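Enquirer: For reference, this is start-v4.cif, and it has mmCIF, C-alpha atoms.
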```cif
data_query
#
loop_
_atom_site.label_atom_id
_atom_site.label_comp_id
_atom_site.auth_asym_id
_atom_site.auth_seq_id
_atom_site.Cartn_x
_atom_site.Cartn_y
_atom_site.Cartn_z
CA MET A 1 -208.74 -70.14 -17.53
CA GLN A 2 -210.51 -66.86 -18.37
CA THR A 3 -208.82 -66.81 -21.77
CA LEU A 4 -210.13 -70.32 -22.46
CA PHE A 5 -213.70 -69.29 -21.67
CA VAL A 6 -213.53 -66.13 -23.80
CA PHE A 7 -212.10 -68.15 -26.69
CA GLY A 8 -214.86 -70.74 -26.32
CA ILE A 9 -217.61 -68.09 -26.31
CA CYS A 10 -216.18 -66.54 -29.49
CA CYS A 11 -216.14 -69.96 -31.16
CA LEU A 12 -219.75 -70.61 -30.16
CA PHE A 13 -220.76 -67.20 -31.47
CA PHE A 14 -219.40 -67.94 -34.93
CA ALA A 15 -220.14 -71.67 -35.09
CA ASN A 16 -223.78 -71.41 -36.13
CA THR A 17 -222.93 -69.06 -39.01
CA ALA A 18 -220.09 -71.30 -40.14
CA PHE A 19 -222.17 -74.48 -40.21
CA ALA A 20 -225.02 -72.68 -41.93
CA SER A 21 -222.73 -71.41 -44.66
CA GLU A 22 -221.35 -74.93 -45.09
CA ALA A 23 -224.84 -76.06 -46.03
CA GLY A 24 -224.82 -73.54 -48.86
CA GLY A 25 -221.45 -74.68 -50.19
CA HIS A 26 -218.28 -73.87 -48.28
CA ALA A 27 -214.98 -73.21 -50.04
CA ASP A 28 -213.19 -75.88 -48.02
CA PRO A 29 -215.17 -78.88 -46.71
CA VAL A 30 -212.73 -79.37 -43.82
CA ALA A 31 -213.43 -75.92 -42.35
CA PRO A 32 -216.58 -76.96 -40.41
CA VAL A 33 -214.66 -79.96 -39.05
CA LEU A 34 -211.92 -77.68 -37.78
CA LEU A 35 -214.38 -75.31 -36.15
CA ALA A 36 -216.27 -78.20 -34.50
CA LEU A 37 -212.98 -79.54 -33.13
CA VAL A 38 -212.04 -76.12 -31.77
CA VAL A 39 -215.35 -75.77 -29.93
CA ILE A 40 -215.34 -79.36 -28.62
CA LEU A 41 -211.75 -79.27 -27.39
CA VAL A 42 -212.12 -75.85 -25.75
CA VAL A 43 -215.26 -76.98 -23.94
CA ALA A 44 -213.58 -80.28 -22.95
CA LYS A 45 -210.53 -78.59 -21.45
CA ALA A 46 -212.54 -75.85 -19.74
CA GLY A 47 -214.82 -78.47 -18.17
CA SER A 48 -211.83 -80.62 -17.17
CA GLU A 49 -210.14 -77.64 -15.51
CA ILE A 50 -213.23 -76.81 -13.45
CA PHE A 51 -213.80 -80.35 -12.23
CA GLU A 52 -210.14 -81.05 -11.48
CA ARG A 53 -210.04 -77.90 -9.33
CA LEU A 54 -213.07 -79.28 -7.50
CA GLY A 55 -211.21 -82.53 -6.89
CA GLN A 56 -213.36 -84.49 -9.34
CA PRO A 57 -212.39 -86.55 -12.43
CA ALA A 58 -211.77 -84.56 -15.61
CA VAL A 59 -214.07 -86.87 -17.57
CA LEU A 60 -217.09 -85.39 -15.77
CA GLY A 61 -216.16 -81.93 -17.00
CA GLU A 62 -215.90 -83.20 -20.57
CA LEU A 63 -219.24 -84.99 -20.29
CA LEU A 64 -221.12 -82.05 -18.79
CA GLY A 65 -219.48 -79.67 -21.25
CA GLY A 66 -220.96 -81.77 -24.03
CA VAL A 67 -224.38 -81.67 -22.33
CA VAL A 68 -224.22 -77.86 -22.41
CA LEU A 69 -223.21 -77.79 -26.08
CA GLY A 70 -225.91 -80.20 -27.15
CA ASN A 71 -228.69 -78.40 -25.30
CA LEU A 72 -227.96 -74.78 -26.25
CA ILE A 73 -230.85 -75.22 -28.66
CA LEU A 74 -233.19 -75.08 -25.65
CA LEU A 75 -232.05 -71.51 -25.01
CA ASN A 76 -232.27 -70.41 -28.62
CA PRO A 77 -233.59 -72.55 -31.51
CA ALA A 78 -231.03 -70.91 -33.80
CA TRP A 79 -228.17 -72.44 -31.80
CA ASN A 80 -228.60 -75.83 -33.43
CA PHE A 81 -225.12 -76.27 -34.92
CA PHE A 82 -224.46 -79.55 -33.06
CA GLU A 83 -227.84 -81.06 -33.91
CA PRO A 84 -226.35 -83.27 -36.70
CA LEU A 85 -224.37 -85.11 -34.00
CA ARG A 86 -227.53 -85.94 -32.04
CA VAL A 87 -229.48 -87.80 -34.71
CA ALA A 88 -229.46 -91.56 -35.31
CA HIS A 89 -228.26 -91.37 -38.93
CA ILE A 90 -225.50 -88.80 -39.27
CA GLU A 91 -225.47 -87.29 -42.75
CA GLU A 92 -223.55 -84.00 -42.50
CA HIS A 93 -220.00 -84.74 -43.64
CA TRP A 94 -218.36 -82.73 -40.84
CA ALA A 95 -220.46 -84.60 -38.25
CA VAL A 96 -219.44 -87.96 -39.74
CA VAL A 97 -215.78 -86.98 -39.32
CA ILE A 98 -216.30 -85.92 -35.69
CA ASP A 99 -218.19 -89.15 -34.96
CA SER A 100 -215.38 -91.20 -36.54
CA LEU A 101 -212.72 -89.39 -34.49
CA ALA A 102 -214.74 -90.11 -31.33
CA ARG A 103 -214.93 -93.81 -32.22
CA ILE A 104 -211.17 -93.96 -32.78
CA GLY A 105 -210.78 -92.21 -29.44
CA VAL A 106 -212.69 -95.04 -27.75
CA ILE A 107 -210.38 -97.61 -29.35
CA ILE A 108 -207.33 -95.70 -28.11
CA LEU A 109 -208.89 -95.47 -24.65
CA LEU A 110 -209.54 -99.23 -24.37
CA PHE A 111 -206.07 -99.89 -25.80
CA GLU A 112 -204.61 -97.81 -22.95
CA VAL A 113 -206.73 -99.70 -20.42
CA GLY A 114 -205.38 -102.97 -21.75
CA LEU A 115 -201.79 -101.68 -21.59
CA GLU A 116 -202.23 -101.03 -17.88
CA SER A 117 -202.78 -104.78 -17.35
CA THR A 118 -200.76 -107.82 -18.33
CA VAL A 119 -201.52 -111.45 -19.02
CA GLN A 120 -199.25 -112.43 -16.13
CA GLY A 121 -201.06 -110.00 -13.88
CA MET A 122 -204.39 -111.56 -14.75
CA MET A 123 -203.04 -115.02 -13.93
CA LYS A 124 -201.61 -113.88 -10.58
CA VAL A 125 -204.71 -112.26 -9.13
CA GLY A 126 -206.00 -114.07 -6.10
CA ALA A 127 -209.24 -115.86 -5.47
CA SER A 128 -210.72 -112.73 -3.91
CA SER A 129 -210.18 -110.70 -7.08
CA LEU A 130 -211.78 -113.44 -9.16
CA TRP A 131 -214.88 -113.72 -6.99
CA VAL A 132 -215.20 -109.94 -6.59
CA ALA A 133 -215.15 -109.60 -10.38
CA VAL A 134 -217.64 -112.42 -10.98
CA LEU A 135 -220.11 -111.11 -8.40
CA GLY A 136 -219.54 -107.59 -9.71
CA VAL A 137 -220.80 -108.69 -13.11
CA ILE A 138 -223.63 -111.06 -12.17
CA ALA A 139 -225.40 -108.90 -9.57
CA PRO A 140 -225.48 -105.63 -11.58
CA PHE A 141 -226.57 -107.51 -14.70
CA PHE A 142 -229.69 -108.95 -13.08
CA LEU A 143 -230.44 -105.75 -11.16
CA GLY A 144 -230.13 -103.74 -14.36
CA PHE A 145 -232.40 -106.18 -16.16
CA GLY A 146 -234.93 -105.81 -13.32
CA VAL A 147 -234.87 -102.00 -13.38
CA SER A 148 -235.33 -102.00 -17.15
CA TRP A 149 -238.21 -104.50 -16.86
CA LEU A 150 -239.83 -102.33 -14.20
CA PHE A 151 -239.60 -98.98 -16.02
CA ILE A 152 -239.28 -99.65 -19.77
CA LYS A 153 -242.57 -100.95 -21.16
CA GLU A 154 -242.17 -100.41 -24.92
CA LEU A 155 -239.52 -100.66 -27.60
CA PRO A 156 -237.72 -97.48 -28.77
CA ALA A 157 -239.55 -95.96 -31.74
CA GLU A 158 -236.47 -96.19 -34.00
CA LEU A 159 -236.16 -99.88 -33.21
CA VAL A 160 -239.82 -100.66 -33.93
CA ALA A 161 -239.38 -99.44 -37.50
CA ILE A 162 -236.62 -101.93 -38.34
CA VAL A 163 -237.22 -105.10 -36.30
CA PRO A 164 -239.60 -108.02 -36.89
CA ALA A 165 -242.96 -107.98 -35.12
CA ASP A 166 -241.85 -110.71 -32.69
CA PHE A 167 -238.81 -108.74 -31.44
CA SER A 168 -238.90 -109.07 -27.66
CA LEU A 169 -238.59 -106.20 -25.20
CA ASN A 170 -236.40 -108.54 -23.16
CA TYR A 171 -233.53 -107.75 -25.54
CA VAL A 172 -233.62 -104.13 -24.36
CA HIS A 173 -233.61 -105.32 -20.73
CA LEU A 174 -230.62 -107.56 -21.49
CA PHE A 175 -228.61 -104.65 -22.86
CA ILE A 176 -229.40 -102.39 -19.90
CA GLY A 177 -228.16 -105.18 -17.66
CA ALA A 178 -224.97 -105.40 -19.72
CA VAL A 179 -224.38 -101.65 -19.34
CA LEU A 180 -224.41 -101.97 -15.55
CA CYS A 181 -221.74 -104.70 -15.65
CA ALA A 182 -219.07 -102.19 -16.59
CA THR A 183 -216.61 -100.92 -13.98
CA SER A 184 -214.14 -98.05 -14.28
CA VAL A 185 -211.71 -98.20 -11.37
CA GLY A 186 -209.41 -95.47 -12.61
CA ILE A 187 -211.13 -93.09 -10.19
CA THR A 188 -210.78 -95.58 -7.34
CA ALA A 189 -207.09 -96.12 -8.14
CA ARG A 190 -206.57 -92.33 -8.09
CA VAL A 191 -208.11 -92.08 -4.59
CA PHE A 192 -205.93 -94.91 -3.27
CA LYS A 193 -202.86 -93.28 -4.84
CA ASP A 194 -203.61 -89.83 -3.42
CA LEU A 195 -204.04 -91.34 0.06
CA GLY A 196 -200.92 -93.50 -0.28
CA LYS A 197 -202.99 -96.69 0.09
CA LEU A 198 -202.25 -98.46 -3.21
CA GLN A 199 -200.42 -101.23 -1.35
CA LYS A 200 -203.40 -102.06 0.86
CA LYS A 201 -204.82 -105.53 0.23
CA GLU A 202 -208.25 -104.00 -0.50
CA ALA A 203 -206.70 -101.85 -3.24
CA GLN A 204 -204.88 -104.81 -4.76
CA ILE A 205 -208.08 -106.89 -4.78
CA ILE A 206 -210.01 -104.08 -6.49
CA LEU A 207 -207.34 -103.47 -9.13
CA GLY A 208 -207.01 -107.19 -9.82
CA ALA A 209 -210.77 -107.62 -10.02
CA ALA A 210 -210.97 -104.70 -12.43
CA VAL A 211 -208.96 -106.58 -15.05
CA ILE A 212 -211.18 -109.66 -14.83
CA ASP A 213 -214.28 -107.45 -14.66
CA ASP A 214 -213.28 -105.75 -17.93
CA VAL A 215 -212.84 -109.08 -19.68
CA LEU A 216 -216.14 -110.51 -18.39
CA GLY A 217 -217.98 -107.28 -19.15
CA LEU A 218 -216.68 -107.20 -22.72
CA ILE A 219 -217.66 -110.83 -23.25
CA ILE A 220 -221.18 -110.13 -21.97
CA LEU A 221 -221.39 -107.04 -24.18
CA ALA A 222 -220.27 -109.07 -27.20
CA VAL A 223 -222.79 -111.82 -26.52
CA VAL A 224 -225.74 -109.52 -25.85
CA SER A 225 -224.91 -107.36 -28.89
CA GLY A 226 -224.75 -110.47 -31.04
CA ILE A 227 -228.08 -111.72 -29.73
CA ILE A 228 -229.74 -108.37 -30.45
CA THR A 229 -228.22 -108.08 -33.93
CA ALA A 230 -229.47 -111.57 -34.82
CA ALA A 231 -232.93 -110.76 -33.48
CA GLU A 232 -233.06 -107.51 -35.47
CA LEU A 233 -232.39 -109.54 -38.62
CA GLY A 234 -235.23 -111.88 -37.73
CA GLN A 235 -232.98 -114.86 -37.11
CA PRO A 236 -234.21 -117.32 -34.49
CA LEU A 237 -232.30 -117.41 -31.23
CA ALA A 238 -231.19 -120.96 -30.54
CA ILE A 239 -229.06 -122.31 -27.72
CA GLY A 240 -226.49 -123.31 -30.31
CA ALA A 241 -226.28 -119.76 -31.64
CA LEU A 242 -225.91 -118.38 -28.12
CA LEU A 243 -223.14 -120.84 -27.30
CA ARG A 244 -221.46 -119.94 -30.58
CA LEU A 245 -221.46 -116.26 -29.65
CA ILE A 246 -219.96 -117.01 -26.25
CA GLY A 247 -217.43 -119.30 -27.87
CA VAL A 248 -216.41 -116.69 -30.44
CA ALA A 249 -215.88 -114.07 -27.72
CA ILE A 250 -213.79 -116.40 -25.53
CA LEU A 251 -211.94 -117.86 -28.52
CA PHE A 252 -211.04 -114.40 -29.84
CA LEU A 253 -209.62 -113.29 -26.49
CA GLY A 254 -207.87 -116.62 -26.02
CA LEU A 255 -206.25 -116.49 -29.46
CA ALA A 256 -205.25 -112.87 -28.88
CA LEU A 257 -203.52 -113.81 -25.63
CA LEU A 258 -201.90 -116.82 -27.30
CA LEU A 259 -200.69 -114.52 -30.04
CA GLY A 260 -199.21 -112.28 -27.39
CA VAL A 261 -197.27 -115.07 -25.73
CA TYR A 262 -195.80 -116.74 -28.82
CA LEU A 263 -195.86 -114.44 -31.84
CA VAL A 264 -195.80 -110.84 -30.66
CA PRO A 265 -192.27 -110.96 -29.17
CA LYS A 266 -190.92 -112.27 -32.48
CA ILE A 267 -192.85 -109.75 -34.58
CA MET A 268 -191.84 -106.83 -32.37
CA LYS A 269 -188.20 -107.96 -32.42
CA GLN A 270 -188.21 -107.74 -36.22
CA LEU A 271 -190.00 -104.38 -36.24
CA ALA A 272 -187.46 -103.01 -33.77
CA LYS A 273 -184.72 -103.59 -36.35
CA LEU A 274 -186.28 -101.00 -38.66
CA ARG A 275 -184.57 -97.63 -38.45
CA THR A 276 -187.56 -95.59 -39.60
CA ALA A 277 -188.56 -92.99 -37.05
CA GLY A 278 -191.77 -93.60 -35.08
CA MET A 279 -191.85 -97.38 -35.49
CA MET A 280 -192.55 -97.98 -31.80
CA LEU A 281 -195.77 -95.97 -31.85
CA ILE A 282 -196.82 -97.20 -35.29
CA SER A 283 -196.25 -100.83 -34.29
CA ALA A 284 -198.49 -100.42 -31.23
CA LEU A 285 -201.24 -98.70 -33.22
CA LEU A 286 -201.04 -101.36 -35.94
CA PHE A 287 -201.78 -104.08 -33.37
CA ALA A 288 -204.58 -102.03 -31.78
CA PHE A 289 -206.31 -101.21 -35.06
CA ALA A 290 -205.78 -104.66 -36.60
CA LEU A 291 -207.23 -106.52 -33.61
CA SER A 292 -210.09 -104.01 -33.39
CA TYR A 293 -210.92 -104.73 -37.03
CA LEU A 294 -210.67 -108.49 -36.52
CA ALA A 295 -212.93 -108.29 -33.46
CA ASN A 296 -215.51 -106.44 -35.52
CA ALA A 297 -215.16 -108.99 -38.33
CA ALA A 298 -215.77 -111.76 -35.79
CA GLY A 299 -219.02 -110.11 -34.75
CA LEU A 300 -217.65 -108.56 -31.55
CA ALA A 301 -217.34 -104.91 -30.55
CA ALA A 302 -214.18 -103.29 -31.89
CA ILE A 303 -213.22 -102.22 -28.36
CA VAL A 304 -212.80 -105.91 -27.44
CA GLY A 305 -209.95 -106.12 -29.94
CA ALA A 306 -208.42 -102.86 -28.71
CA PHE A 307 -208.44 -104.12 -25.12
CA ALA A 308 -206.92 -107.45 -26.19
CA ALA A 309 -204.17 -105.61 -28.10
CA GLY A 310 -203.30 -103.66 -24.96
CA LEU A 311 -203.17 -106.85 -22.92
CA ILE A 312 -200.74 -108.64 -25.23
CA LEU A 313 -198.39 -105.69 -25.78
CA GLU A 314 -196.26 -105.62 -22.66
CA GLU A 315 -193.39 -103.22 -21.96
CA VAL A 316 -190.79 -105.90 -22.57
CA HIS A 317 -191.93 -106.18 -26.20
CA PHE A 318 -190.78 -102.62 -26.91
CA ARG A 319 -187.16 -103.15 -25.93
CA GLY A 320 -184.80 -102.64 -28.85
CA PHE A 321 -186.74 -99.79 -30.48
CA ARG A 322 -184.93 -96.50 -31.10
CA GLU A 323 -187.27 -94.57 -28.79
CA GLU A 324 -186.16 -94.64 -25.16
CA ILE A 325 -189.62 -93.96 -23.78
CA HIS A 326 -192.62 -95.93 -22.52
CA ILE A 327 -195.35 -96.66 -25.05
CA GLU A 328 -197.94 -95.09 -22.73
CA GLN A 329 -196.06 -91.79 -23.01
CA LEU A 330 -196.08 -91.98 -26.81
CA LEU A 331 -199.82 -92.66 -26.82
CA LYS A 332 -200.67 -89.90 -24.38
CA PRO A 333 -200.73 -86.99 -26.91
CA ILE A 334 -203.01 -88.98 -29.23
CA ALA A 335 -205.34 -89.91 -26.36
CA THR A 336 -205.32 -86.31 -25.09
CA PHE A 337 -206.65 -85.20 -28.47
CA LEU A 338 -209.10 -87.99 -29.37
CA VAL A 339 -210.56 -89.30 -26.10
CA PRO A 340 -212.18 -85.98 -24.97
CA ILE A 341 -213.99 -85.83 -28.31
CA PHE A 342 -215.80 -89.05 -27.40
CA PHE A 343 -216.89 -87.84 -23.96
CA VAL A 344 -218.05 -84.45 -25.25
CA LEU A 345 -219.97 -86.23 -28.01
CA MET A 346 -221.64 -88.45 -25.40
CA GLY A 347 -222.69 -85.31 -23.53
CA ILE A 348 -223.98 -83.68 -26.71
CA GLN A 349 -226.30 -86.64 -27.27
CA VAL A 350 -227.98 -86.18 -23.87
CA ARG A 351 -231.34 -84.47 -24.41
CA LEU A 352 -232.31 -82.56 -21.29
CA GLU A 353 -235.89 -82.24 -22.48
CA THR A 354 -236.31 -85.98 -21.91
CA PHE A 355 -236.14 -85.34 -18.16
CA ALA A 356 -239.46 -83.50 -18.36
CA ASP A 357 -240.85 -87.03 -18.32
CA LEU A 358 -240.80 -88.23 -14.71
CA SER A 359 -240.43 -91.81 -15.88
CA VAL A 360 -236.95 -90.94 -17.21
CA LEU A 361 -235.96 -89.68 -13.77
CA GLY A 362 -237.34 -92.93 -12.37
CA VAL A 363 -235.15 -94.94 -14.76
CA ALA A 364 -232.11 -92.83 -13.83
CA ALA A 365 -232.75 -93.29 -10.10
CA GLY A 366 -233.41 -97.02 -10.51
CA LEU A 367 -230.25 -97.57 -12.56
CA THR A 368 -228.16 -95.59 -10.08
CA ILE A 369 -229.45 -97.57 -7.10
CA ALA A 370 -228.99 -100.85 -8.96
CA ALA A 371 -225.46 -99.82 -9.97
CA ILE A 372 -224.48 -99.04 -6.38
CA ILE A 373 -226.13 -102.08 -4.77
CA GLY A 374 -224.87 -104.40 -7.50
CA LYS A 375 -221.25 -103.53 -6.83
CA GLN A 376 -221.71 -103.67 -3.06
CA VAL A 377 -222.38 -107.37 -3.55
CA CYS A 378 -218.74 -107.59 -4.68
CA GLY A 379 -217.63 -107.37 -1.06
CA PHE A 380 -218.94 -110.87 -0.41
CA GLY A 381 -216.31 -112.17 -2.84
CA VAL A 382 -213.44 -111.31 -0.47
CA VAL A 383 -212.27 -114.62 0.98
CA GLU A 384 -209.46 -113.30 3.23
CA LYS A 385 -210.41 -112.54 6.80
CA GLY A 386 -209.97 -109.13 8.38
CA LEU A 387 -210.36 -107.11 5.19
CA ASP A 388 -212.90 -104.31 4.73
CA ARG A 389 -215.53 -105.69 2.34
CA ILE A 390 -217.40 -102.40 2.25
CA THR A 391 -214.32 -100.61 0.88
CA VAL A 392 -213.98 -103.24 -1.84
CA GLY A 393 -217.64 -102.81 -2.80
CA VAL A 394 -217.41 -99.01 -2.86
CA GLY A 395 -214.24 -99.16 -4.92
CA MET A 396 -216.05 -101.08 -7.66
CA ILE A 397 -218.95 -98.62 -7.96
CA PRO A 398 -217.75 -96.12 -10.65
CA ARG A 399 -218.97 -96.79 -14.18
CA GLY A 400 -217.13 -93.88 -15.83
CA GLU A 401 -216.00 -94.11 -19.43
CA VAL A 402 -216.68 -97.85 -19.80
CA GLY A 403 -220.38 -97.40 -19.00
CA LEU A 404 -220.59 -94.62 -21.58
CA ILE A 405 -218.92 -96.79 -24.21
CA PHE A 406 -221.43 -99.58 -23.57
CA ALA A 407 -224.31 -97.09 -23.75
CA SER A 408 -223.04 -95.64 -27.04
CA ILE A 409 -222.98 -99.15 -28.53
CA GLY A 410 -226.60 -99.54 -27.37
CA LYS A 411 -227.53 -96.36 -29.23
CA GLY A 412 -225.88 -97.76 -32.33
CA LEU A 413 -227.98 -100.92 -31.98
CA LYS A 414 -231.04 -98.68 -31.36
CA VAL A 415 -231.99 -100.59 -28.21
CA ILE A 416 -231.28 -97.45 -26.16
CA ASP A 417 -233.28 -94.35 -27.05
CA ASP A 418 -232.52 -90.74 -26.11
CA ALA A 419 -234.41 -90.94 -22.81
CA THR A 420 -232.72 -94.14 -21.64
CA PHE A 421 -229.32 -92.90 -22.80
CA SER A 422 -229.80 -89.72 -20.75
CA ALA A 423 -230.71 -91.85 -17.73
CA VAL A 424 -227.55 -93.94 -18.19
CA VAL A 425 -225.42 -90.78 -18.34
CA ILE A 426 -226.94 -89.58 -15.06
CA MET A 427 -226.12 -92.97 -13.51
CA VAL A 428 -222.52 -92.69 -14.72
CA ILE A 429 -222.16 -89.16 -13.32
CA VAL A 430 -223.62 -90.05 -9.91
CA THR A 431 -221.61 -93.26 -9.45
CA THR A 432 -218.44 -91.41 -10.44
CA LEU A 433 -219.11 -88.48 -8.10
CA VAL A 434 -220.07 -90.44 -4.99
CA THR A 435 -217.17 -92.90 -5.00
CA PRO A 436 -214.18 -90.69 -3.96
CA PRO A 437 -215.75 -89.16 -0.81
CA VAL A 438 -217.42 -92.42 0.28
CA LEU A 439 -214.20 -94.37 -0.31
CA LYS A 440 -212.24 -91.96 1.88
CA VAL A 441 -214.81 -92.45 4.66
CA THR A 442 -214.71 -96.25 4.48
CA LEU A 443 -210.90 -96.26 4.48
CA ALA A 444 -210.83 -94.02 7.55
CA ARG A 445 -213.42 -96.24 9.25
CA GLY A 446 -211.37 -99.34 8.49
CA GLU A 447 -208.22 -97.81 9.96
CA LYS A 448 -210.05 -96.84 13.15
CA LYS A 449 -211.19 -100.46 13.48
#
```
Step by step, read the file and then write its structure as structure tokens.

Expert:
Amino acid sequence: MQTLFVFGICCLFFANTAFASEAGGHADPVAPVLLALVVILVVAKAGSEIFERLGQPAVLGELLGGVVLGNLILLNPAWNFFEPLRVAHIEEHWAVVIDSLARIGVIILLFEVGLESTVQGMMKVGASSLWVAVLGVIAPFFLGFGVSWLFIKELPAELVAIVPADFSLNYVHLFIGAVLCATSVGITARVFKDLGKLQKKEAQIILGAAVIDDVLGLIILAVVSGIITAAELGQPLAIGALLRLIGVAILFLGLALLLGVYLVPKIMKQLAKLRTAGMMLISALLFAFALSYLANAAGLAAIVGAFAAGLILEEVHFRGFREEIHIEQLLKPIATFLVPIFFVLMGIQVRLETFADLSVLGVAAGLTIAAIIGKQVCGFGVVEKGLDRITVGVGMIPRGEVGLIFASIGKGLKVIDDATFSAVVIMVIVTTLVTPPVLKVTLARGEKK
């Protein structure tokens, strides 16, 4: 641990000089990329180590490590080597590479999330899981819209410069509502696993609802993003256009699942006959990247395609390949490298100086309260008698990586500025931190009952 910190400090010491020399013409253009990766990965692993020892999710360490990196400039204006990653239009070539790696990391992450679920699993979830998921999307969406309407009174400056004069502030409120729809139950699942409670009905309802919640959240994200993109281009928003966007999102997921049922087994059977080494991993990545591209071509977020690819690729499809290993194990080294880059980058883009404005703290507090209350409504979706509805609601609270992904898409659309993005990050951190201890309390209370 000490060695990691010393190594990180040395990298930080030389980073500014390295990036400055790159501006004057470096011998090898890839050198700044390598140094940036060294610093980011060291900080990610150091932060993960600290938080895991504290019994908290590693993702929080990666996120806060990025916050430290991005705000070193507040201590010394000369320490501005990560500033190119914080601007809206990235121009430095090394920063473009880092940003691209982070985006690929998100696709890998959503692909892994999809692999953890199956089409059959989605069809088998009970009525409680369905209603918990539906309420867990509707309530946070409207609460998020309300908080945004209450606190955000003007369009982000970057957005004003590119949109028509009649661009409505309601589009910003819509996207904030969409951000709060996201749920990341990986933390909840870890708590249930550590306590040996994964077989409890409450745990099964939460895990089942999480799959449906992901699908509904991605559809809402796709629709809201499409609405905003059309409005930015000055195209009128008609009911027909809105229905078309919803239809495209549902049709894409439906076709992807249909593809999984009828075509994927045949395709994978033929690929398994190839004797070339690494075909199992390459086949999986081909599906993930191809569907991500097609989702983007259809006007949806690329992560929708990555999630769909994970859903349709079930373990049975990989039988017959030379590798006697689960696909998740093959993906793990790639995810270990790429995914932390995304979370550190999200932390780097948080500007602590924005919190000097009390209104930003108000937005952060409002979003956090709305996020917690919105998911507590989920408990009313439990139809079985005798189950602990409070535990179900608490289990759905964490926003985690999914909330950050939604927020990063908002930054790309320019509907979320630096201040609002920082507020969203605070909401993600708080909802992730409070869930494990509160969940343990509610489980203990339920057992005493």

Enquirer: Report, in Å with one decimal, the straight-line distance from CA of Glu62 (chain A) to CA of Asp357 (chain A).

Expert: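 One can read the CA of Glu62 (chain A) to CA of Asp357 (chain A) distance as 25.3 Å.
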
Enquirer: Write out as a CSV table (one decimal) with C-alpha atoms, in the frame of the given file the residues lying within 9 Å of Gln349 (chain A), counting all atoms listed in the file and excluding same-chain residues fewer than 6 positions away.

Expert:
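Wrote it out as selection.csv, contents follow:
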```csv
chain,number,residue,atom,x,y,z
A,66,GLY,CA,-221.0,-81.8,-24.0
A,67,VAL,CA,-224.4,-81.7,-22.3
A,70,GLY,CA,-225.9,-80.2,-27.2
A,71,ASN,CA,-228.7,-78.4,-25.3
A,83,GLU,CA,-227.8,-81.1,-33.9
A,85,LEU,CA,-224.4,-85.1,-34.0
A,86,ARG,CA,-227.5,-85.9,-32.0
A,87,VAL,CA,-229.5,-87.8,-34.7
A,418,ASP,CA,-232.5,-90.7,-26.1
A,421,PHE,CA,-229.3,-92.9,-22.8
A,422,SER,CA,-229.8,-89.7,-20.8
```

Enquirer: Restricting the calculation to all atoms listed in the file, which member of A:Ile98, A:Val42, A:Leu352, A:Met268 is positioned closest to Leu75 (chain A)?

Expert: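 The answer is A:Leu352, which sits nearest to Leu75 (chain A).
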
Enquirer: Name the closest residue to Ala102 (chain A) among the candidates A:Ala335, A:Leu218, A:Ile205, A:Ala423; distances are taken between atoms, counting all atoms listed in the file.

Expert: A:Ala335

Enquirer: Counting all atoms listed in the file, note down every residue that has an atom within 10 Å of the point (-211.4, -115.4, -28.9) (file coordinates), as a PyMOL selection string.

Expert: chain A and resi 219+246-258+295+298+300+304-305+308

Enquirer: Considering all atoms listed in the file, state which residue in the set A:Ala444, A:Ile416, A:Ala44, A:Ile426 is at the smallest distance from Leu155 (chain A).

Expert: A:Ile416

Enquirer: Using Å and a single decimal, report how far CA of Ile390 (chain A) sits from CA of Asp214 (chain A).

Expert: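 Computed distance, CA of Asp214 (chain A) to CA of Ile390 (chain A), equals 20.9 Å.
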
Enquirer: How many Å separate CA of Val392 (chain A) from CA of Ile206 (chain A)?

Expert: 6.2 Å

Enquirer: Would you write out, as a ChimeraX atom specification, every residue that the PyMOL selection byres ((chain A and resi 115) around 10) captures in this file?

Expert: /A:109-114,116-118,306-315,327-328

Enquirer: Counting all atoms listed in the file, which residue out of A:Gly136, A:Gly381, A:Gly61, A:Pro156 sits closest to Cys181 (chain A)?

Expert: A:Gly136

Enquirer: Taking the file as I've supplied it (selection: the PyMOL selection byres ((chain A and resi 359-374) around 10)), which residues are included? Please answer as a ChimeraX atom specification.

Expert: /A:135-148,150-152,176-177,179-183,354-358,375-378,393-394,396-399,418-431,434-435

Enquirer: Given the choices A:Ile341, A:Leu274, A:Val132, A:Ile334, which gets closest to Val97 (chain A) if the distance is worked out from only C-alpha atoms?

Expert: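 Residue with the minimum atom-to-atom distance to Val97 (chain A): A:Ile341.
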
Enquirer: Return the single residue from A:Thr432, A:Ser408, A:Ser129, A:Asn76 that is closest to Leu207 (chain A), with distances computed using only C-alpha atoms.

Expert: A:Ser129

Enquirer: List the spatial neighbours of Phe337 (chain A) as a list of chain:residue names - criterion: any atom at most 9 Å away, only C-alpha atoms, same-chain residues fewer than 5 positions off excluded.

Expert: A:Leu41, A:Gly105, A:Lys332

Enquirer: Would you please take region 127-138 of chain A of the structure in the block above and write C-alpha atoms to a file as a compact mmCIF listing (two decimals), in the first residue's frame?

Expert:
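Below you can see part-v8.txt, which holds the result:
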```txt
# COMPACT_ATOMS: atom_id res chain seq x y z
CA ALA A 127 -45.21 -9.56 -10.01
CA SER A 128 -43.48 -7.95 -7.05
CA SER A 129 -40.24 -7.47 -8.99
CA LEU A 130 -42.16 -5.95 -11.89
CA TRP A 131 -44.06 -3.46 -9.73
CA VAL A 132 -40.99 -2.62 -7.63
CA ALA A 133 -39.09 -1.81 -10.83
CA VAL A 134 -41.91 0.25 -12.35
CA LEU A 135 -42.44 2.31 -9.19
CA GLY A 136 -38.67 2.61 -8.82
CA VAL A 137 -38.51 4.36 -12.18
CA ILE A 138 -41.67 6.50 -12.09
```
